[in-house]
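Q: You'll find model-v1.cif just under this line, and it carries mmCIF, C-alpha atoms.
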data_protein
#
loop_
_atom_site.label_atom_id
_atom_site.label_comp_id
_atom_site.auth_asym_id
_atom_site.auth_seq_id
_atom_site.Cartn_x
_atom_site.Cartn_y
_atom_site.Cartn_z
CA MET A 8 0.00 0.00 0.00
CA ILE A 9 1.15 3.51 -0.67
CA LYS A 10 1.72 5.87 2.23
CA ILE A 11 0.58 9.48 2.11
CA LEU A 12 2.17 12.36 4.03
CA ILE A 13 0.36 15.69 3.90
CA ALA A 14 2.28 18.75 5.03
CA SER A 15 1.24 22.38 5.04
CA HIS A 16 1.81 25.77 6.55
CA ASP A 17 -0.26 26.04 9.74
CA ARG A 18 -3.11 23.54 10.18
CA MET A 19 -4.31 22.78 6.66
CA ALA A 20 -2.70 19.32 6.67
CA SER A 21 -4.44 18.08 9.82
CA GLY A 22 -7.70 19.64 8.63
CA MET A 23 -7.52 17.84 5.29
CA LYS A 24 -6.69 14.57 7.05
CA ALA A 25 -9.62 14.96 9.46
CA SER A 26 -12.03 15.84 6.64
CA ALA A 27 -10.87 12.94 4.47
CA GLU A 28 -11.20 10.47 7.32
CA PHE A 29 -14.71 11.78 7.95
CA PHE A 30 -15.61 10.28 4.56
CA THR A 31 -13.35 7.21 4.50
CA GLY A 32 -12.91 6.32 8.15
CA PRO A 33 -9.53 6.18 9.89
CA CYS A 34 -6.63 5.58 7.52
CA ASP A 35 -3.34 4.31 8.96
CA ARG A 36 -1.60 5.05 5.64
CA LEU A 37 -2.26 8.79 6.03
CA MET A 38 -0.15 11.16 8.11
CA ALA A 39 -0.35 14.94 8.46
CA ILE A 40 2.26 17.43 9.62
CA ASP A 41 1.26 21.00 10.36
CA ALA A 42 4.43 23.02 9.85
CA TYR A 43 5.37 26.06 11.88
CA THR A 44 2.60 25.69 14.46
CA ASP A 45 5.06 25.13 17.29
CA GLU A 46 8.80 24.98 17.94
CA GLN A 47 9.29 21.58 16.30
CA ASP A 48 11.72 21.38 13.40
CA PHE A 49 9.60 20.62 10.32
CA GLU A 50 12.37 18.83 8.41
CA LYS A 51 13.12 16.67 11.44
CA GLN A 52 9.43 15.73 11.66
CA ILE A 53 9.53 14.49 8.06
CA ARG A 54 12.73 12.58 8.64
CA ASN A 55 11.29 10.97 11.79
CA TYR A 56 8.23 9.92 9.77
CA LEU A 57 10.43 8.38 7.05
CA ALA A 58 12.57 6.55 9.62
CA LYS A 59 9.46 4.59 10.61
CA GLN A 60 8.63 3.60 7.01
CA ASN A 61 9.80 0.57 5.10
CA ASP A 62 12.31 1.59 2.42
CA ALA A 63 10.40 -0.46 -0.16
CA GLU A 64 7.09 1.36 0.39
CA GLN A 65 5.98 4.02 -2.05
CA ILE A 66 5.37 7.33 -0.29
CA LEU A 67 3.47 10.31 -1.65
CA PHE A 68 4.26 13.72 -0.23
CA LEU A 69 1.44 16.25 -0.62
CA SER A 70 2.29 19.89 0.00
CA ASP A 71 0.09 22.94 0.06
CA LEU A 72 1.99 25.44 -2.08
CA TYR A 73 4.47 24.96 -4.92
CA GLY A 74 7.73 26.71 -4.11
CA GLY A 75 6.76 27.42 -0.50
CA SER A 76 9.08 26.49 2.34
CA VAL A 77 7.12 23.31 3.13
CA ASN A 78 7.37 22.22 -0.51
CA GLN A 79 11.08 23.07 -0.68
CA ILE A 80 11.92 21.03 2.40
CA MET A 81 9.86 18.08 1.18
CA ALA A 82 11.62 18.25 -2.20
CA ARG A 83 15.02 18.21 -0.52
CA VAL A 84 14.12 15.18 1.59
CA MET A 85 12.48 13.45 -1.40
CA SER A 86 15.68 13.75 -3.42
CA GLU A 87 17.45 11.48 -0.92
CA ARG A 88 15.11 8.54 -1.42
CA LYS A 89 13.87 7.01 -4.67
CA ASN A 90 10.40 5.79 -3.65
CA ILE A 91 8.90 9.21 -2.87
CA GLN A 92 6.87 11.45 -5.17
CA LEU A 93 5.86 15.01 -4.31
CA ILE A 94 2.63 16.68 -5.40
CA SER A 95 2.20 20.36 -4.62
CA GLY A 96 -1.03 22.30 -4.55
CA PHE A 97 -3.09 19.15 -4.01
CA ASN A 98 -6.83 19.35 -3.48
CA PHE A 99 -9.38 17.37 -1.49
CA SER A 100 -10.51 15.35 -4.52
CA LEU A 101 -6.98 14.11 -5.12
CA LEU A 102 -6.50 13.20 -1.47
CA LEU A 103 -9.70 11.12 -1.43
CA GLU A 104 -8.72 9.39 -4.67
CA LEU A 105 -5.29 8.51 -3.30
CA MET A 106 -6.78 7.18 -0.08
CA GLU A 107 -9.03 4.87 -2.06
CA TRP A 108 -6.08 3.43 -4.04
CA ASN A 109 -5.70 -0.14 -2.78
CA GLU A 110 -2.85 -1.39 -4.92
CA ALA A 111 0.69 -1.80 -3.61
CA TYR A 112 2.10 0.61 -6.19
CA LEU A 113 0.88 3.70 -8.03
CA SER A 114 2.54 4.30 -11.39
CA GLU A 115 3.58 7.76 -12.53
CA ALA A 116 1.07 7.52 -15.38
CA GLN A 117 -1.80 6.66 -13.02
CA LEU A 118 -0.77 9.43 -10.64
CA ASP A 119 -0.74 11.92 -13.53
CA ILE A 120 -4.27 10.81 -14.47
CA MET A 121 -5.44 11.31 -10.88
CA ILE A 122 -3.87 14.76 -10.72
CA GLU A 123 -5.56 15.78 -13.97
CA GLN A 124 -8.93 14.51 -12.75
CA ALA A 125 -8.46 16.46 -9.51
CA ARG A 126 -7.70 19.60 -11.52
CA GLN A 127 -10.87 19.11 -13.50
CA SER A 128 -12.93 18.67 -10.33
CA MET A 129 -12.51 22.37 -9.56
CA SER A 130 -15.07 24.62 -11.13
CA ARG A 131 -16.99 27.78 -10.50
CA VAL A 132 -20.66 27.05 -9.88
CA ILE A 133 -22.98 29.34 -11.80
CA LEU A 134 -26.70 28.93 -11.28
CA LYS A 135 -29.38 30.37 -13.47
CA GLU A 136 -32.35 31.66 -11.50
CA SER A 137 -34.46 28.72 -12.65
CA GLU A 138 -31.85 26.23 -11.41
CA ALA A 139 -31.13 27.77 -8.01
CA GLU A 140 -34.05 26.20 -6.18
CA ALA A 141 -33.44 22.76 -7.70
CA PHE A 142 -29.74 22.94 -6.79
CA PHE A 143 -30.45 23.59 -3.13
#
How does this structure look as C-alpha cells?
A:
Amino acid sequence: MIKILIASHDRMASGMKASAEFFTGPCDRLMAIDAYTDEQDFEKQIRNYLAKQNDAEQILFLSDLYGGSVNQIMARVMSERKNIQLISGFNFSLLLELMEWNEAYLSEAQLDIMIEQARQSMSRVILKESEAEAFF
C-alpha cells in the first residue's frame, strides 16, 4: 500500500486529514504534519516519519503550495530517497482518490491521471435563477 504524508503551513494538513477520514474512516496510511505551528523542526518531523517507514514502500508527499518552504523542504528530503513522489497544490478530490487506491504501487502515469482529474474537479458554480431552487 502507498503511504501518504500531507504537510502544510499552519493547520491545513491536519484539517484535510480529518475531513478525508470523515468520509473514508480512519486511515493508517495517512499522516499529516502541520508546519510552523510550534517549535518543532519541520524537516526533522519528516525525517522521523520516514525513519518509521519501510524503504520499499511508495510514499506520496502532498504539500500545500508549490515553491513554499514546506514544498522546498519536502523536495530536498524526497531527493534522498527514490520511492517518494511530491505533489504540490493538491486538493481534497486528489486526497480522497489517493486514499481509495488499494494497490501496492501507483505508477507515474496513473498518478498523472489522478492529478488531472483532480484539476478538472474544480469549477466555479454558476446557477441560473431557474436552477437555483433545484440545486439547493
Q: With only C-alpha atoms as the atoms that count, which of A:Asn109, A:Lys10, A:Ser76, A:Phe99 lies nearest to Gly22 of chain A?
A: A:Phe99
Q: Output the residue selection produced by the PyMOL selection byres ((chain A and resi 59-72) around 9) on the file above, formatted as an MDAnalysis selection string.
A: chainID A and resid 8:16 19:20 54:58 73:78 81:82 85 88:98 102 111:113
Q: The centre and edge lengths of an axis-aligned box containing all atoms of segment 94-106 of chain A present in the file, extended by 8 Å on each side, are to be given in Å to one decimal, as lines of an AutoDock Vina configuration file.
A:
center_x = -3.9
center_y = 14.7
center_z = -2.7
size_x = 29.1
size_y = 31.1
size_z = 21.3
Q: Hey, what's within 12 Å of Glu28 of chain A if we count all atoms listed in the file and toss same-chain stuff fewer than 3 positions away? As number ranges by chain, please?
A: A: 21-25, 31-39, 99, 102-103, 106-107
Q: Looking at only C-alpha atoms, which of A:Glu110, A:Ser100, A:Phe49, A:Leu105 is the one that sits closest to Met129 of chain A?
A: A:Ser100
Q: What's the separation between atom CA of Gln79 of chain A and atom CA of Glu46 of chain A, in Å to one decimal place?
A: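 Atom CA of Glu46 of chain A lies 18.9 Å from atom CA of Gln79 of chain A.
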